[in-house]
Structures are given as C-alpha cells and as structure tokens.
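**Q** Enclosed is the structure file upload_25.cif (mmCIF, C-alpha atoms).
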data_data
loop_
_atom_site.label_atom_id
_atom_site.label_comp_id
_atom_site.auth_asym_id
_atom_site.auth_seq_id
_atom_site.Cartn_x
_atom_site.Cartn_y
_atom_site.Cartn_z
CA MET A 1 -78.91 28.83 54.13
CA ARG A 2 -81.41 30.70 56.30
CA GLY A 3 -81.92 30.14 60.00
CA HIS A 4 -82.48 31.36 63.53
CA ARG A 5 -81.40 30.48 67.08
CA ALA A 6 -83.63 29.67 70.04
CA GLY A 7 -82.76 28.10 73.39
CA GLY A 8 -79.22 27.23 72.30
CA LEU A 9 -80.46 25.51 69.12
CA ALA A 10 -79.73 26.72 65.60
CA VAL A 11 -82.42 25.96 63.00
CA THR A 12 -81.52 26.55 59.36
CA LEU A 13 -83.14 25.93 55.99
CA CYS A 14 -80.76 24.70 53.32
CA ARG A 15 -81.87 25.62 49.80
CA ASP A 16 -78.53 25.31 48.04
CA PHE A 17 -77.55 21.95 46.59
CA GLY A 18 -73.86 22.64 46.97
CA GLU A 19 -74.34 23.26 50.68
CA PHE A 20 -76.34 20.06 50.96
CA GLY A 21 -73.51 18.16 49.28
CA ALA A 22 -71.04 19.51 51.83
CA LEU A 23 -73.13 18.01 54.67
CA ALA A 24 -72.16 14.43 53.80
CA GLY A 25 -69.97 13.70 56.82
CA GLU A 26 -72.20 15.13 59.53
CA TRP A 27 -75.35 13.89 57.79
CA ASP A 28 -74.00 10.33 57.73
CA ALA A 29 -73.08 10.60 61.42
CA LEU A 30 -76.62 11.72 62.28
CA HIS A 31 -78.06 8.96 60.10
CA ARG A 32 -76.13 6.41 62.17
CA ARG A 33 -77.39 7.96 65.43
CA CYS A 34 -81.06 7.78 64.33
CA ALA A 35 -82.52 4.34 65.09
CA THR A 36 -85.50 4.78 62.76
CA ALA A 37 -83.47 5.93 59.74
CA THR A 38 -83.97 3.93 56.56
CA PRO A 39 -81.52 3.67 53.65
CA PHE A 40 -83.57 6.23 51.76
CA GLN A 41 -82.54 8.99 54.17
CA SER A 42 -78.81 8.36 53.69
CA HIS A 43 -76.87 11.27 52.23
CA ALA A 44 -75.58 9.07 49.42
CA TRP A 45 -79.12 8.20 48.30
CA LEU A 46 -80.59 11.70 48.61
CA HIS A 47 -77.63 13.56 47.10
CA SER A 48 -77.54 11.24 44.10
CA TRP A 49 -81.31 11.34 43.72
CA TRP A 50 -81.27 15.13 43.50
CA ILE A 51 -78.65 15.05 40.75
CA SER A 52 -80.89 12.78 38.67
CA TYR A 53 -84.35 14.05 39.62
CA GLY A 54 -84.18 17.33 41.54
CA GLN A 55 -85.17 20.73 40.17
CA GLU A 56 -83.25 23.91 40.74
CA GLY A 57 -84.74 26.17 43.39
CA ARG A 58 -86.89 23.44 44.97
CA LEU A 59 -84.56 22.14 47.69
CA ARG A 60 -85.85 22.64 51.27
CA VAL A 61 -83.75 20.80 53.87
CA LEU A 62 -84.33 21.72 57.52
CA LEU A 63 -81.31 21.36 59.82
CA VAL A 64 -81.09 21.58 63.62
CA ARG A 65 -77.76 22.02 65.40
CA ARG A 66 -76.90 22.20 69.06
CA ALA A 67 -73.50 23.66 69.87
CA GLY A 68 -72.62 23.19 66.22
CA ARG A 69 -73.53 19.49 66.13
CA LEU A 70 -76.21 18.32 63.71
CA ILE A 71 -78.98 16.70 65.78
CA GLY A 72 -81.98 16.87 63.44
CA ALA A 73 -82.78 17.03 59.73
CA ALA A 74 -85.81 16.90 57.45
CA PRO A 75 -84.99 16.34 53.74
CA LEU A 76 -87.82 18.05 51.85
CA MET A 77 -88.47 19.80 48.56
CA LEU A 78 -91.06 22.18 47.15
CA VAL A 79 -93.50 21.19 44.41
CA HIS A 80 -96.25 23.30 42.86
CA ARG A 81 -98.61 20.65 41.48
CA PRO A 82 -101.38 19.86 42.14
CA MET A 83 -100.92 22.64 44.73
CA PRO A 84 -97.97 24.13 46.68
CA LEU A 85 -96.59 21.29 48.81
CA LEU A 86 -93.51 20.41 50.80
CA VAL A 87 -92.80 16.75 50.07
CA PRO A 88 -89.97 14.30 50.81
CA MET A 89 -86.79 14.21 48.78
CA GLY A 90 -86.34 10.83 47.15
CA GLY A 91 -89.73 10.73 45.45
CA ALA A 92 -91.43 7.58 44.28
CA ILE A 93 -88.25 5.53 43.93
CA SER A 94 -87.84 5.66 47.72
CA ASP A 95 -89.94 3.24 49.76
CA PHE A 96 -89.83 5.12 53.04
CA PHE A 97 -89.59 8.69 54.31
CA ASP A 98 -88.44 9.85 57.70
CA ILE A 99 -86.80 12.76 59.44
CA LEU A 100 -83.48 12.23 61.22
CA LEU A 101 -83.20 12.73 64.97
CA ASP A 102 -80.22 12.20 67.23
CA GLU A 103 -81.52 9.62 69.73
CA GLU A 104 -79.93 11.39 72.67
CA GLU A 105 -81.42 14.77 71.73
CA ALA A 106 -84.62 13.73 69.99
CA GLY A 107 -86.89 15.90 72.15
CA TYR A 108 -84.95 19.08 71.45
CA ALA A 109 -84.46 18.22 67.79
CA VAL A 110 -88.07 17.39 66.96
CA GLY A 111 -89.33 20.54 68.68
CA ALA A 112 -86.88 22.68 66.72
CA LEU A 113 -87.74 20.93 63.46
CA GLY A 114 -91.43 21.62 64.12
CA ARG A 115 -90.74 25.32 64.60
CA GLY A 116 -88.60 25.42 61.49
CA LEU A 117 -91.19 23.57 59.44
CA ASP A 118 -93.88 25.98 60.62
CA ARG A 119 -91.88 28.83 59.09
CA ALA A 120 -90.84 26.93 55.96
CA ALA A 121 -94.47 25.96 55.25
CA ARG A 122 -95.99 29.42 55.61
CA HIS A 123 -97.82 29.09 52.29
CA THR A 124 -97.80 25.33 51.71
CA VAL A 125 -99.16 22.02 52.97
CA VAL A 126 -96.61 19.43 54.11
CA ASP A 127 -97.36 16.05 52.53
CA LEU A 128 -95.17 13.27 53.92
CA ARG A 129 -95.58 9.98 52.04
CA GLU A 130 -94.57 6.46 53.08
CA VAL A 131 -93.92 7.08 56.78
CA ARG A 132 -93.39 3.90 58.79
CA PRO A 133 -95.51 3.50 61.96
CA ASP A 134 -92.38 3.71 64.15
CA ALA A 135 -90.75 6.56 62.22
CA SER A 136 -89.31 9.66 63.88
CA ALA A 137 -91.68 11.69 61.71
CA GLN A 138 -94.49 10.36 63.91
CA LEU A 139 -93.02 12.42 66.78
CA LEU A 140 -93.16 15.52 64.61
CA PHE A 141 -96.78 14.78 63.72
CA GLY A 142 -97.68 14.24 67.38
CA ARG A 143 -96.30 17.62 68.42
CA TRP A 144 -97.69 19.59 65.48
CA ALA A 145 -99.88 22.43 66.77
CA GLY A 146 -101.56 23.27 63.48
CA ALA A 147 -103.89 21.36 61.19
CA ARG A 148 -102.97 17.74 60.54
CA SER A 149 -104.31 14.54 59.06
CA ARG A 150 -103.11 10.94 59.08
CA LEU A 151 -103.94 8.75 56.07
CA THR A 152 -102.90 5.24 55.10
CA ASP A 153 -100.29 4.71 52.40
CA SER A 154 -98.57 1.62 50.98
CA THR A 155 -98.56 -1.73 52.70
CA CYS A 156 -95.21 -3.44 53.20
CA MET A 157 -94.59 -7.06 54.08
CA GLU A 158 -91.99 -7.78 56.77
CA MET A 159 -90.32 -10.79 58.36
CA PRO A 160 -87.87 -11.30 61.20
CA ALA A 161 -84.28 -10.99 59.99
CA GLU A 162 -83.14 -14.59 60.31
CA PRO A 163 -81.68 -17.22 57.96
CA LEU A 164 -84.24 -18.54 55.52
CA GLY A 165 -83.43 -22.09 56.55
CA ASP A 166 -84.75 -21.31 60.04
CA VAL A 167 -87.96 -19.92 58.54
CA VAL A 168 -88.46 -22.98 56.35
CA ALA A 169 -87.74 -25.34 59.24
CA ARG A 170 -90.78 -23.98 61.06
CA LEU A 171 -93.08 -24.50 58.10
CA THR A 172 -95.00 -27.75 58.14
CA GLY A 173 -96.99 -29.63 55.58
CA SER A 174 -96.89 -29.23 51.82
CA ARG A 175 -95.82 -25.58 51.90
CA GLY A 176 -92.65 -26.35 53.85
CA GLN A 177 -91.90 -29.31 51.58
CA ARG A 178 -92.24 -27.17 48.44
CA LEU A 179 -89.94 -24.46 49.76
CA ARG A 180 -87.30 -26.96 50.90
CA SER A 181 -87.46 -28.56 47.46
CA LYS A 182 -86.89 -25.17 45.82
CA LEU A 183 -83.80 -24.53 47.94
CA ARG A 184 -82.39 -27.96 47.13
CA LYS A 185 -82.88 -27.31 43.43
CA VAL A 186 -80.85 -24.09 43.60
CA ASP A 187 -78.07 -25.89 45.45
CA ALA A 188 -78.08 -28.83 43.04
CA LEU A 189 -77.72 -26.51 40.07
CA GLY A 190 -74.54 -25.06 41.54
CA VAL A 191 -75.44 -21.35 41.53
CA GLU A 192 -72.86 -19.37 43.54
CA ALA A 193 -73.45 -16.00 45.24
CA HIS A 194 -70.69 -13.36 45.07
CA ARG A 195 -70.71 -10.03 46.94
CA ILE A 196 -69.54 -7.09 44.83
CA PRO A 197 -66.97 -4.67 46.29
CA ARG A 198 -67.35 -0.91 45.93
CA ASP A 199 -65.07 -0.62 42.91
CA GLY A 200 -67.14 -3.22 41.09
CA VAL A 201 -70.47 -1.42 41.56
CA PRO A 202 -70.63 0.53 38.25
CA ALA A 203 -70.22 -2.60 36.14
CA ALA A 204 -72.50 -4.61 38.44
CA ILE A 205 -75.29 -2.00 38.15
CA GLY A 206 -75.06 -2.25 34.38
CA THR A 207 -75.34 -6.04 34.58
CA LEU A 208 -78.27 -5.85 37.01
CA LEU A 209 -80.24 -3.48 34.80
CA ARG A 210 -79.57 -5.53 31.66
CA LEU A 211 -80.81 -8.66 33.41
CA HIS A 212 -83.77 -6.73 34.79
CA GLU A 213 -84.71 -5.67 31.25
CA ARG A 214 -84.36 -9.23 29.99
CA GLN A 215 -86.56 -10.69 32.72
CA TRP A 216 -89.33 -8.23 31.78
CA GLU A 217 -88.91 -8.68 28.02
CA GLY A 218 -92.31 -8.91 26.35
CA ARG A 219 -94.03 -7.58 29.46
CA ALA A 220 -94.66 -4.12 30.90
CA VAL A 221 -91.29 -3.24 32.38
CA ASN A 222 -91.06 -0.05 34.40
CA PRO A 223 -89.68 2.36 31.79
CA GLU A 224 -87.81 4.35 34.44
CA HIS A 225 -85.51 1.39 35.01
CA LEU A 226 -84.32 1.66 31.43
CA ARG A 227 -83.44 5.35 31.61
CA ALA A 228 -79.94 6.69 32.02
CA ARG A 229 -80.89 8.91 34.97
CA PHE A 230 -81.94 5.88 37.01
CA SER A 231 -78.77 3.98 36.16
CA ASP A 232 -76.65 7.01 36.99
CA HIS A 233 -78.44 7.43 40.31
CA LEU A 234 -77.80 3.83 41.31
CA ILE A 235 -74.14 3.92 40.29
CA ARG A 236 -73.51 7.08 42.33
CA SER A 237 -75.53 6.18 45.40
CA VAL A 238 -74.89 2.46 45.65
CA GLY A 239 -71.15 2.91 45.22
CA ARG A 240 -71.05 5.06 48.35
CA MET A 241 -73.55 2.90 50.21
CA VAL A 242 -71.65 -0.34 49.58
CA GLY A 243 -68.61 1.45 50.96
CA ASP A 244 -70.33 2.38 54.22
CA GLY A 245 -72.34 -0.83 54.63
CA THR A 246 -75.82 0.49 53.82
CA ALA A 247 -76.11 -1.44 50.54
CA ALA A 248 -75.04 -4.82 49.22
CA MET A 249 -74.81 -6.02 45.64
CA THR A 250 -74.77 -9.74 44.99
CA GLU A 251 -74.23 -11.53 41.70
CA PHE A 252 -75.34 -15.13 41.24
CA ARG A 253 -73.09 -17.04 38.89
CA LEU A 254 -73.51 -20.36 37.12
CA ASN A 255 -70.42 -21.81 35.47
CA GLY A 256 -68.79 -18.39 35.76
CA GLU A 257 -71.66 -16.53 34.07
CA VAL A 258 -73.82 -13.98 35.91
CA VAL A 259 -77.38 -15.30 35.77
CA ALA A 260 -78.93 -13.02 38.42
CA SER A 261 -78.05 -9.85 40.30
CA ASN A 262 -79.56 -8.33 43.41
CA LEU A 263 -79.39 -4.99 45.21
CA SER A 264 -80.36 -4.80 48.88
CA LEU A 265 -80.36 -1.73 51.11
CA GLN A 266 -79.99 -1.59 54.88
CA SER A 267 -79.69 0.74 57.83
CA GLY A 268 -80.76 0.88 61.46
CA GLN A 269 -82.71 -2.30 62.18
CA LEU A 270 -83.97 -2.85 58.63
CA THR A 271 -82.82 -4.67 55.50
CA GLY A 272 -84.83 -4.60 52.28
CA GLY A 273 -84.47 -6.09 48.81
CA TYR A 274 -84.65 -3.20 46.36
CA LEU A 275 -84.09 -4.36 42.77
CA TYR A 276 -82.99 -7.50 40.98
CA GLY A 277 -82.46 -8.88 37.53
CA ALA A 278 -82.49 -12.51 36.43
CA ASP A 279 -81.81 -14.40 33.22
CA PRO A 280 -85.12 -15.91 32.00
CA ALA A 281 -83.20 -19.15 31.41
CA LEU A 282 -83.25 -19.74 35.18
CA ARG A 283 -87.01 -20.05 35.16
CA GLU A 284 -86.79 -22.36 32.17
CA ARG A 285 -84.59 -24.55 34.35
CA LYS A 286 -87.28 -24.49 37.06
CA VAL A 287 -85.21 -22.37 39.44
CA ASP A 288 -87.33 -20.32 41.84
CA VAL A 289 -85.41 -17.06 41.54
CA SER A 290 -87.29 -15.34 44.35
CA THR A 291 -86.38 -18.09 46.81
CA MET A 292 -82.73 -17.89 45.78
CA LEU A 293 -82.66 -14.13 46.25
CA LEU A 294 -84.55 -14.12 49.53
CA ARG A 295 -82.19 -16.66 51.07
CA GLU A 296 -79.22 -14.42 50.32
CA VAL A 297 -80.86 -11.20 51.57
CA ALA A 298 -82.15 -12.92 54.72
CA GLN A 299 -78.64 -14.15 55.47
CA GLN A 300 -77.25 -10.64 54.98
CA ALA A 301 -79.83 -9.23 57.36
CA SER A 302 -79.14 -11.89 59.97
CA ASP A 303 -75.35 -11.57 59.71
CA SER A 304 -75.53 -7.78 60.16
CA GLY A 305 -77.60 -8.11 63.34
CA ARG A 306 -80.65 -6.35 61.96
CA GLU A 307 -84.11 -7.21 63.19
CA VAL A 308 -86.42 -6.65 60.21
CA LEU A 309 -86.33 -8.05 56.69
CA SER A 310 -88.67 -5.94 54.60
CA LEU A 311 -90.10 -7.12 51.29
CA LEU A 312 -90.90 -3.43 50.79
CA ARG A 313 -94.05 -2.03 49.25
CA GLY A 314 -96.75 -4.24 47.84
CA VAL A 315 -98.94 -7.13 49.04
CA GLU A 316 -98.38 -9.45 46.09
CA ARG A 317 -99.55 -12.98 46.79
CA TYR A 318 -96.15 -14.61 46.27
CA LYS A 319 -94.85 -12.85 49.41
CA ASN A 320 -97.27 -14.79 51.59
CA HIS A 321 -95.30 -18.02 51.12
CA TRP A 322 -92.97 -16.92 53.89
CA GLY A 323 -95.58 -15.80 56.41
CA PRO A 324 -94.69 -12.08 56.50
CA VAL A 325 -96.59 -9.51 58.56
CA PRO A 326 -98.24 -6.56 56.79
CA VAL A 327 -97.07 -3.13 57.99
CA VAL A 328 -98.98 -0.13 56.65
CA ASN A 329 -97.05 3.03 55.88
CA GLN A 330 -98.78 6.32 56.65
CA ARG A 331 -99.24 9.62 54.88
CA LEU A 332 -98.94 12.61 57.20
CA LEU A 333 -100.44 15.98 56.19
CA LEU A 334 -99.44 19.09 58.16
CA ALA A 335 -100.28 22.77 57.79
CA ARG A 336 -100.43 25.99 59.76
CA PRO A 337 -103.83 26.64 61.41
CA GLY A 338 -104.66 29.29 58.83
CA LEU A 339 -104.02 26.84 56.01
CA GLU A 340 -106.38 24.13 57.24
CA PRO A 341 -108.72 24.63 54.23
CA LEU A 342 -105.77 23.84 51.94
CA LEU A 343 -104.94 20.74 53.97
CA ARG A 344 -108.54 19.53 53.74
CA LEU A 345 -108.44 20.15 49.99
CA ARG A 346 -105.32 18.05 49.73
CA GLU A 347 -106.96 15.37 51.84
CA SER A 348 -109.91 15.36 49.42
CA GLN A 349 -107.62 15.13 46.39
CA VAL A 350 -105.93 12.07 47.85
CA ALA A 351 -109.27 10.45 48.68
CA VAL A 352 -110.65 11.06 45.18
CA ARG A 353 -107.56 9.55 43.60
CA GLU A 354 -107.72 6.48 45.84
CA ARG A 355 -111.42 5.96 45.10
CA ALA A 356 -110.69 6.18 41.38
CA VAL A 357 -107.94 3.57 41.69
CA GLU A 358 -110.17 1.21 43.67
CA THR A 359 -113.00 1.62 41.15
CA VAL A 360 -110.72 0.73 38.25
CA LYS A 361 -109.30 -2.26 40.13
CA ALA A 362 -112.80 -3.50 40.95
CA ARG A 363 -114.06 -3.20 37.37
CA PHE A 364 -110.87 -4.37 35.68
CA PRO A 365 -109.10 -6.99 37.82
CA ALA A 366 -106.01 -6.91 35.59
CA ALA A 367 -105.51 -3.32 36.69
CA ARG A 368 -104.55 -4.52 40.16
CA ASP A 369 -101.24 -5.72 38.83
CA TRP A 370 -100.70 -2.46 36.94
CA HIS A 371 -101.44 -0.42 40.03
CA GLU A 372 -98.80 -2.35 41.97
CA ARG A 373 -96.30 -1.74 39.19
CA LEU A 374 -97.00 1.94 38.77
CA THR A 375 -97.42 3.01 42.40
CA GLY A 376 -95.80 6.37 42.86
CA LEU A 377 -96.19 7.71 39.30
CA SER A 378 -97.43 11.07 40.58
CA VAL A 379 -94.12 11.89 42.27
CA ILE A 380 -90.76 11.76 40.54
CA GLY A 381 -88.51 9.40 42.19
CA LEU A 382 -88.79 4.33 44.44
CA THR A 383 -89.38 1.31 45.99
CA GLY A 384 -89.02 -2.52 46.27
CA ALA A 385 -89.14 -4.37 42.97
CA GLY A 386 -89.30 -1.62 40.55
CA TYR A 387 -89.41 2.14 41.05
CA ALA A 388 -88.12 5.55 40.11
CA GLY A 389 -91.16 7.56 39.35
CA GLN A 390 -92.94 4.38 38.45
CA ARG A 391 -92.19 0.81 39.21
CA SER A 392 -92.62 -2.70 38.00
CA ARG A 393 -92.76 -5.25 40.76
CA ARG A 394 -89.29 -5.41 42.24
CA TYR A 395 -89.30 -8.48 44.37
CA HIS A 396 -90.97 -11.73 43.37
CA LEU A 397 -90.14 -13.40 46.67
#
Once you've parsed the file, please lay out its structure as structure tokens.
**A**
Amino acid sequence: MRGHRAGGLAVTLCRDFGEFGALAGEWDALHRRCATATPFQSHAWLHSWWISYGQEGRLRVLLVRRAGRLIGAAPLMLVHRPMPLLVPMGGAISDFFDILLDEEEAGYAVGALGRGLDRAARHTVVDLREVRPDASAQLLFGRWAGARSRLTDSTCMEMPAEPLGDVVARLTGSRGQRLRSKLRKVDALGVEAHRIPRDGVPAAIGTLLRLHERQWEGRAVNPEHLRARFSDHLIRSVGRMVGDGTAAMTEFRLNGEVVASNLSLQSGQLTGGYLYGADPALRERKVDVSTMLLREVAQQASDSGREVLSLLRGVERYKNHWGPVPVVNQRLLLARPGLEPLLRLRESQVAVRERAVETVKARFPAARDWHERLTGLSVIGLTGAGYAGQRSRRYHL
C-alpha cells in the first residue's frame, strides 16, 4: 500500500487484495456514512466480485484517512484494453459506480481523492461508467483540474419507494383496472412470499439460478448467469449483504413449492431489484410475475424507509406500466492535462461504438432487445435483470 500525507490527511493506494479484504469493517462503516453509496460499492460485493472476476496486479483502490479514520475511498482497477484505463471495480454486473465519502468530511475527502487519483493515473485515462447524477463521483469530476469529459451512459427507471397498492390506487382508467386485476390474481392463487435468512442464502441462490435458467429456456439467456463464477460471487456477497441489511432474498411458494425467487439490493436511499427466477408454469397460469415481484420489492423499500425504488438499467416498455421516471447514468472521463489527447481518443472510441450500436438497432429492430440484454459485454462484471459481463433482461416489471 503506497501513500503520502498532506494537511493531516493520509492518501494511500491499495494494490494488494489481502489488504483490501482486511478493510471490511472500516469500509462498511464508511459505506454507511456515505449517503450516495449504492449496494455495488459495499465491501461484500466488491471483495466477492474480485475473487470471481479480478486479475492479479490490477487492483487500484484509493483510500483517504484523517487521524486514522477512513473518510474516502475509490474502488478502481487497471485495464490495458483498448488502452490503459482506470475503471471501476465491479464491472458490467454492477449497475452503478460511485466513490465513498464521509458526509461530514466530504470536502477534505474528495480533494484528497483527486490528488491521489492524479498520481495513480499518471499514464492512464480514468473511465468511470454508470455514475448516477447525484453520485459523490460528480464532486470529484467537478473539482478535477485536468482534462475531463461527461458522456451519457445507461438509462434507469425509478419510482418513489412506496407500497405498490398506493401506486395502483392513483392509476385511473383501464391501466389501473388491469394492474389491480393482476394483483388479485396473485392473491387468489395463494402464492406466499418468504424472506430467506443469511444461513439459507447458498441454497436459495442455487434455486434462484435454476429458476432463472428455466424461465429463459429456449431463449437467449445471459450465459454468465449459468457460470460457476457468477453463482459463487452471489453466494459469497449476498450472504454477507443479507446479514447487514443491504440485500434481501425472497422465495415465492405455492403449495410449499418454490415457484419464483427474487434478489433485491439496497443501501442509502435506494432499493433495486437485481435478479429473479420464475417457473414458466406461473405464466401458463396467467400470473403476472413482474407485478408479483415488484409488489414485494416495493414493500421492502417502503418498510426500510428508503426513498427510491430503482428498476435499474434499461428502458424496456413493460416498466412504463408503473409510471417510472427515467434517470440517465453518466460516464465520466478524467485525465491529467498532458494526457488530454488520450482522453479525446477514448471519447472518440466510445462515440464510434455507440454509433455502431445505434446503426445496428436502426437497421435490425430485433437487435434492440439484444443490446438491452448484452449491455456491458466489454467490461467483465452487472446490472438489473441479467448481468455479469453480459446480461439478459433482469426485471420484467
């Protein structure tokens, strides 16, 4: 771990995975003190992700301490393709990136992180994907003295965190009638929701992934969801996260049999549905699985006092039933002044790729669905209804 001191602050760069593992307690405490933190910046998620997807020698985690107390952190890693870049840990299976700042010391922490990042990125461009508009990383971007560029990234759909019954009650006309009918059908069938305790997570993850595979049978399932490394990551991370309240696993049972399983993640003011699996027989019985799942996640969000229910990445049409608001993530590019040509090159690479995607979608409408499923393929790692390096749609809500 390398570092320096300035103005009573200690800034270090952690490159050793063992040292990162030892940070769990103080990292979790900082995560709780950072209002903008998402579940994908929890130590449980990042530590487990690195075990499954990280590469030796690539870890680059900036840490800021004041009087020995951790007040700032930026979980990054080094990649060499398509050019030397510092990018977020968590990769494509993580819907959001952010740095962590102690709310009471945010000004000191973000300034120190900026100085540390300037040194850590002496020969690289910093490419921060999936940054929420209100993220702490926006403060870092605003203070950056070198070259910088702000691009758009994925669109997420969000709703107020309130019981679904309250949402439906405000809907008038045929749409409200249809949604109320769907909820009554779930209740009439007798499906029961059961929260899974921490010690039940390993078995529940196995059940979720089996159901997820079954629901996509005969269609283009995200292959990453069927790999052992993804299962192992979820078992490790979700077990810890259920224990500390940043994840919830729910099984839906009919006559004692698990017919659907759902994983939701939460922290700060946000709750999001991450991955689910459902027996195809439910659809054969005319059960709207997405409505059933959303009601449970919305209740969890409301009960925990959170403000935002995120449907995570993607603007699929089915999400519009509930009147969500689109929130566009951002992509922040940073570089030292002398590396501005490299930053502009990276900016051009991103633009060319996006133009290619839009051209394919325009010429081949079916490709729109594939693009939604495979968002994030270029970076190992999630998000909302399918993920991990690639993703099938996670949430049909």
**Q** Using the chain letters and numbers from this file, what does the PyMOL selection byres ((chain A and resi 101) around 7) select? Give the answer as a list in words.
**A**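 When the PyMOL selection byres ((chain A and resi 101) around 7) is applied to the shown file, the picked residues are Cys34, Ile71, Gly72, Ala73, Ile99, Leu100, Asp102, Glu103, Ala106, Ala109 and Ser136 of chain A.
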**Q** Can you give me, as a list in words, the residues this file yields under the PyMOL selection byres ((chain A and resi 174-188) around 9)?
**A**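 Applied to this file, the PyMOL selection byres ((chain A and resi 174-188) around 9) returns Gly165, Val168, Ala169, Arg170, Leu171, Thr172, Gly173, Leu189, Gly190, Val191, Glu192, Lys286, Val287, Asp288, Val289, Thr291, Met292, Arg295 and His321 of chain A.
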**Q** Counting only C-alpha atoms, figure out which residue out of A:Ala24, A:Leu226, A:Cys156, A:Val11 gets nearest to Asp95 in chain A.
**A**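 Ranked by minimum distance to Asp95 in chain A, first place goes to A:Cys156.
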**Q** Since I can't run it myself right now, could you work out what the PyMOL selection byres ((chain A and resi 144-147) around 7) selects here and report it as a PyMOL selection string?
**A** chain A and resi 114+140-143+148+334-337+340
**Q** Return the single residue from A:Gly107, A:Pro324, A:Pro133, A:Pro223 that is closest to Met159 in chain A, with distances computed using all atoms listed in the file.
**A**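 Looking at the shortest contact to Met159 in chain A, the residue is A:Pro324.
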**Q** Smallest atom-to-atom distance to Leu282 in chain A: which of A:Val131, A:Leu270, A:Val79, A:Leu254, using all atoms listed in the file?
**A**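 When distances to Leu282 in chain A are compared using all atoms listed in the file, the smallest one comes from A:Leu254.
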**Q** Could you check which of A:Thr124, A:Gln215, A:Thr207, A:Thr246 is closest to Ser231 in chain A, using only C-alpha atoms?
**A** A:Thr207
**Q** Any idea what the distance is between CA of Arg219 in chain A and CA of Ser290 in chain A?
**A**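 Between CA of Arg219 in chain A and CA of Ser290 in chain A the gap works out to 18.1 Å.
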**Q** If you measure from CA of Ala44 in chain A to CA of Leu113 in chain A, what distance in Å do you get, rounded to one decimal?
**A**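 It comes out at 22.0 Å.
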**Q** Measuring atom to atom with only C-alpha atoms, identify which of A:Ala298, A:Val308, A:Leu76, A:Val61 is nearest to Val325 in chain A.
**A** A:Val308
**Q** With 6 Å of padding per side, what axis-aligned box (centre and edge lengths, Å, one decimal) covers all the listed atoms of range 79-97 of chain A? Give it as lines of an AutoDock Vina configuration file.
**A**
center_x = -93.9
center_y = 13.7
center_z = 47.9
size_x = 27.0
size_y = 32.9
size_z = 24.8
**Q** Rounded to one decimal in Å, what is the spacing between CA of Leu234 in chain A and CA of Gln266 in chain A?
**A** 14.8 Å
**Q** Might you pull out every residue within 10 Å of range 64-69 of chain A, with only C-alpha atoms counted and same-chain residues fewer than 4 positions away left off, and present them as a list in words?
**A**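 The contact residues come out as Gly3, His4, Arg5, Gly7, Gly8, Leu9, Ala10, Val11, Thr12, Leu13, Glu26, Leu30, Ala73, Ala74, Leu100, Leu101, Asp102, Glu105, Tyr108, Ala109, Val110, Gly111, Ala112, Leu113 and Gly116 of chain A.
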**Q** Those residues you just picked out, can you put them in a file as a PDB file, in the coordinates of the input with C-alpha atoms?
**A**
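The new file again-v5.pdb reads:
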ATOM      1  CA  GLY A   3     -81.920  30.140  60.000  1.00  0.00           C
ATOM      2  CA  HIS A   4     -82.480  31.360  63.530  1.00  0.00           C
ATOM      3  CA  ARG A   5     -81.400  30.480  67.080  1.00  0.00           C
ATOM      4  CA  GLY A   7     -82.760  28.100  73.390  1.00  0.00           C
ATOM      5  CA  GLY A   8     -79.220  27.230  72.300  1.00  0.00           C
ATOM      6  CA  LEU A   9     -80.460  25.510  69.120  1.00  0.00           C
ATOM      7  CA  ALA A  10     -79.730  26.720  65.600  1.00  0.00           C
ATOM      8  CA  VAL A  11     -82.420  25.960  63.000  1.00  0.00           C
ATOM      9  CA  THR A  12     -81.520  26.550  59.360  1.00  0.00           C
ATOM     10  CA  LEU A  13     -83.140  25.930  55.990  1.00  0.00           C
ATOM     11  CA  GLU A  26     -72.200  15.130  59.530  1.00  0.00           C
ATOM     12  CA  LEU A  30     -76.620  11.720  62.280  1.00  0.00           C
ATOM     13  CA  ALA A  73     -82.780  17.030  59.730  1.00  0.00           C
ATOM     14  CA  ALA A  74     -85.810  16.900  57.450  1.00  0.00           C
ATOM     15  CA  LEU A 100     -83.480  12.230  61.220  1.00  0.00           C
ATOM     16  CA  LEU A 101     -83.200  12.730  64.970  1.00  0.00           C
ATOM     17  CA  ASP A 102     -80.220  12.200  67.230  1.00  0.00           C
ATOM     18  CA  GLU A 105     -81.420  14.770  71.730  1.00  0.00           C
ATOM     19  CA  TYR A 108     -84.950  19.080  71.450  1.00  0.00           C
ATOM     20  CA  ALA A 109     -84.460  18.220  67.790  1.00  0.00           C
ATOM     21  CA  VAL A 110     -88.070  17.390  66.960  1.00  0.00           C
ATOM     22  CA  GLY A 111     -89.330  20.540  68.680  1.00  0.00           C
ATOM     23  CA  ALA A 112     -86.880  22.680  66.720  1.00  0.00           C
ATOM     24  CA  LEU A 113     -87.740  20.930  63.460  1.00  0.00           C
ATOM     25  CA  GLY A 116     -88.600  25.420  61.490  1.00  0.00           C
TER      26      GLY A 116
END
**Q** His43 in chain A: which residues within 10 Å, counting only C-alpha atoms, same-chain residues fewer than 2 positions away excluded, as an mmCIF file with C-alpha atoms, in the coordinates of the input?
**A**
data_model
loop_
_atom_site.group_PDB
_atom_site.id
_atom_site.type_symbol
_atom_site.label_atom_id
_atom_site.label_comp_id
_atom_site.auth_asym_id
_atom_site.auth_seq_id
_atom_site.Cartn_x
_atom_site.Cartn_y
_atom_site.Cartn_z
ATOM 1 C CA PHE A 20 -76.340 20.060 50.960
ATOM 2 C CA GLY A 21 -73.510 18.160 49.280
ATOM 3 C CA LEU A 23 -73.130 18.010 54.670
ATOM 4 C CA ALA A 24 -72.160 14.430 53.800
ATOM 5 C CA GLY A 25 -69.970 13.700 56.820
ATOM 6 C CA GLU A 26 -72.200 15.130 59.530
ATOM 7 C CA TRP A 27 -75.350 13.890 57.790
ATOM 8 C CA ASP A 28 -74.000 10.330 57.730
ATOM 9 C CA ALA A 29 -73.080 10.600 61.420
ATOM 10 C CA HIS A 31 -78.060 8.960 60.100
ATOM 11 C CA PRO A 39 -81.520 3.670 53.650
ATOM 12 C CA PHE A 40 -83.570 6.230 51.760
ATOM 13 C CA GLN A 41 -82.540 8.990 54.170
ATOM 14 C CA TRP A 45 -79.120 8.200 48.300
ATOM 15 C CA LEU A 46 -80.590 11.700 48.610
ATOM 16 C CA HIS A 47 -77.630 13.560 47.100
ATOM 17 C CA SER A 48 -77.540 11.240 44.100
ATOM 18 C CA TRP A 49 -81.310 11.340 43.720
ATOM 19 C CA PRO A 75 -84.990 16.340 53.740
ATOM 20 C CA SER A 237 -75.530 6.180 45.400
ATOM 21 C CA ARG A 240 -71.050 5.060 48.350
ATOM 22 C CA MET A 241 -73.550 2.900 50.210
#
**Q** With distances taken over all atoms listed in the file, which residue among A:Asp232, A:Glu284, A:Asp134, A:Glu307 lies nearest Gly268 in chain A?
**A**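 Closest to Gly268 in chain A of all the choices is A:Glu307.
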**Q** Quick one: residues within 8 Å of Asp16 in chain A, only C-alpha atoms, excluding same-chain residues fewer than 2 positions away - as a PyMOL selection string?
**A** chain A and resi 1+14+18-20+57+59
